[in-house]
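Student: Have a look at the structure that comes next, please.
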Amino acid sequence: MFKTFIVGVVLGLAAAGGAAFVLPVTDLHRESSLVSVQPNGGNSELFHIRIPDDRIIGGGKDVLTPTPGSLQWPVSAGLDALQLELFKLRNRDGVVVGLASRIAVSVPGSPGALEWVLHIPARGTLYFPMSANTAEDGYRRGLLRAGTGEFGQRTGSLREHYVEGASDGEGQIELQSSSLGQLAPEAEGS
Amino acid sequence: MKYLVALLSGIVAGAVLAAAILYNNPLATPVAVSPLAVSQSSMLELGFSAATTNTIATIGNGDARISSHPARVADLWEPAISDTRILVTTLQNGRGQPAGIGVKFLSMAEEPGLLQGRIPANSNWHIWLSQRGGLFIEQEENLWFLLREVVAPAYLDSADVWRGSWFGVTTSGPGALGTGKVVGGSGEFSGIEGEVVESIIAKAYSADSGPVAMDMRLSILIDDQQSAAP
């Protein structure tokens with residue numbers, strides 16, 4: 001019977017060791033990618049952010065009603081010109097697929113700056129600096145500066161557009177990302 | 001019947017023994033020195049406190065024992081983002097002055113690693129440094145040693161608190177030397193490339209409220225030909 005016990009110990013060691021070697025520490029949930037293939041071979045993907053429901057954090061010195069109301073924005077001269085928002089990111093079917101951060105900087109007398117980071121777990125992350133100015137057609141545009149995961153080695157762009165909702169203060173941000181092929185060396189940092 | 005009981009008892013004992021060996025894995029050793037420590041190039045040092053109440057926001061999925069901060073912030077409960085945590089913090093320069101703001105997205109990685117002493121995670125930093133520009137950082141992290149040396153002892157303590165002094169480097173890639181990468185930037189940092197190491201000095205951790213006294217540091221090595229020191 002002792003030999004049987006020892007055999008069990010060996011089996012238990014092997015099973016636990018095998019599980020530790022093979023099994024991932026987490027099992028990420030992945031929504032289907034709703035990607036449109038463009039005639040030029042590139043990909044296009046539309047994301048939505050419902051305002052105000054999907055705003056997780058909204059803060060800045062000049063933000064009168066921060067999100068959540070208990071948010072304490074740091075008092076620092078260097079951060080006065082900065083506005084930060086964090087959002088849940090939805091695919092075109094309205095399912096939450098990731099998170100987004102939006103940093104806007106406005107300094108009187110300078111062009112200002114705006115940046116988006118779209119973080120989609122199990123897929124990767126996209127970084128888009130863009131123009132702080134809205135074009136005549138109501139869109140802001142920026143270039144894909146860097147991507148990770150499946151978005152690595154790509155060149156592309158992002159288009160931001162705010163769509164007014166039925167009632168005051170409600171609406172949605174539409175983000176249309178487009179990417180194409182391998183990242184050209186001159187595109188990085190352009 | 002008694003042989004079956006002996007076999008099952010042996011399997012349970014073997015599994016427990018394997019767990020004990022993995023927990024005390026002698027082949028897994030923490031990185032005690034930053035891979036960038038020997039660099040002669042100028043370094044951008046950014047520090048922040050990981051104590052939840054010292055951050056602007058620390059947000060999880062709401063299932064964890066440690067609640068999100070600030071109060072009434074929306075939890076990340078949706079399936080696609082429930083394994084992700086967000087940290088929003090003021091970043092201080094080497095002189096302890098506020099230098100900018102940082103947003104960290106940390107998602108657990110879908111990879112095995114326990115046998116090698118790894119709890120892998122992927123993280124990205126979105127940083128804005130006042131009057132300088134933006135930085136986008138990609139990291140692979142190993143949270144195993146933080147868990148083993150700080151978090152688990154807090155949970156095992158009768159008062160649910162760990163106190164001590166522990167230094168560790170969490171960055172484990174994707175760079176060949178175990179460094180993270182600056183993969184993008186804007187403003188003054190437009191077009192830069194660089195390496196990053198994130199390290200922790202932990203002094204107190206509570207199983208109920210998370211980090212109590214825990215200083216974090218981002219050491220960013222930027223190509224000298226592209227940007228100046230802080």
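Starting from 1 in every chain, residues are counted up; chains themselves are A, B, ... following the order of the structure tokens, and ligands are numbered from 1 as listed.
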Quick one: which residues from chain A are at most 6 Å off chain B, using only C-alpha atoms, as a list in words?

Tutor: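 Going by the stated atoms only, the list reads Met1, Thr4, Phe5, Gly8, Val9, Leu11, Gly12, Leu13, Ala16, Ala20, Phe21, Val22, Leu23, Pro24, Val25, Thr26, Asp27, His29, Arg30, Ile56, Pro68, Leu71, Gly78, Val97, Gly98, Arg145, Ala146 and Gly189 of chain A.
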
Student: So that I can check the secondary structure, give me every residue of stretch 59-195 of chain B assigned alpha helix (DSSP H) by backbone DSSP, as a ChimeraX atom specification.

Tutor: /B:144-146,152-156

Student: Which neighbours of stretch 105-110 of chain A fall inside 10 Å, counting only C-alpha atoms, when residues of the same chain fewer than 4 positions from it are skipped, and could you give them as a list in words?

Tutor: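 In the requested format, the answer is Gly60, Leu79, Asp80, Ala81, Leu82, Gln83, Leu84, Leu114, Glu115 and Ala132 of chain A; Trp128, Ser130, Gln131 and Gly133 of chain B.
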
Student: May I have the residues from that selection written out with C-alpha atoms, as an mmCIF file, in the first residue's frame?

Tutor:
```
data_model
loop_
_atom_site.group_PDB
_atom_site.id
_atom_site.type_symbol
_atom_site.label_atom_id
_atom_site.label_comp_id
_atom_site.auth_asym_id
_atom_site.auth_seq_id
_atom_site.Cartn_x
_atom_site.Cartn_y
_atom_site.Cartn_z
ATOM 1 C CA GLY A 60 -8.724 68.438 -15.039
ATOM 2 C CA LEU A 79 -1.044 69.885 -14.709
ATOM 3 C CA ASP A 80 -3.282 72.950 -15.000
ATOM 4 C CA ALA A 81 -3.455 72.791 -18.781
ATOM 5 C CA LEU A 82 -4.180 69.093 -18.889
ATOM 6 C CA GLN A 83 -7.443 67.201 -19.128
ATOM 7 C CA LEU A 84 -7.582 63.432 -18.747
ATOM 8 C CA LEU A 114 -4.471 65.607 -27.986
ATOM 9 C CA GLU A 115 -3.607 61.923 -27.614
ATOM 10 C CA ALA A 132 -6.284 69.274 -31.207
ATOM 11 C CA TRP B 128 2.184 63.179 -20.495
ATOM 12 C CA SER B 130 4.251 68.943 -18.734
ATOM 13 C CA GLN B 131 5.650 71.223 -21.417
ATOM 14 C CA GLY B 133 5.165 65.818 -24.577
#
```

Student: What's around stretch 86-94 of chain A at 6 Å? Count only C-alpha atoms, leave out sequence neighbours fewer than 4 positions away in its own chain, and write the answer as a PyMOL selection string.

Tutor: chain A and resi 46-49+54-57+98-101

Student: Just asking: which residues within stretch 65-136 of chain A are strand (DSSP E) according to DSSP, as JSON, numbers by chain?

Tutor: {"A": [82, 83, 84, 85, 86, 87, 88, 89, 90, 96, 97, 98, 99, 100, 101, 102, 103, 104, 105, 113, 114, 115, 116, 117, 118, 119, 120, 124, 125, 126, 127, 128, 129, 130]}

Student: Write out as a PyMOL selection string each polymer residue whose atoms come within 6 Å of stretch 170-174 of chain A, counting only C-alpha atoms; drop sequence neighbours fewer than 5 positions from it.

Tutor: chain A and resi 47-51+160-165

Student: Neighbouring residues of stretch 156-166 of chain B were defined as those with any atom within 8 Å, considering only C-alpha atoms; residues of the same chain fewer than 6 positions away were excluded. Please report them as a PyMOL selection string.

Tutor: chain B and resi 149-150+200-208

Student: Can you measure atom CA of B:Leu147 to atom CA of B:Ala20 for me? One decimal in Å is fine.

Tutor: 14.7 Å
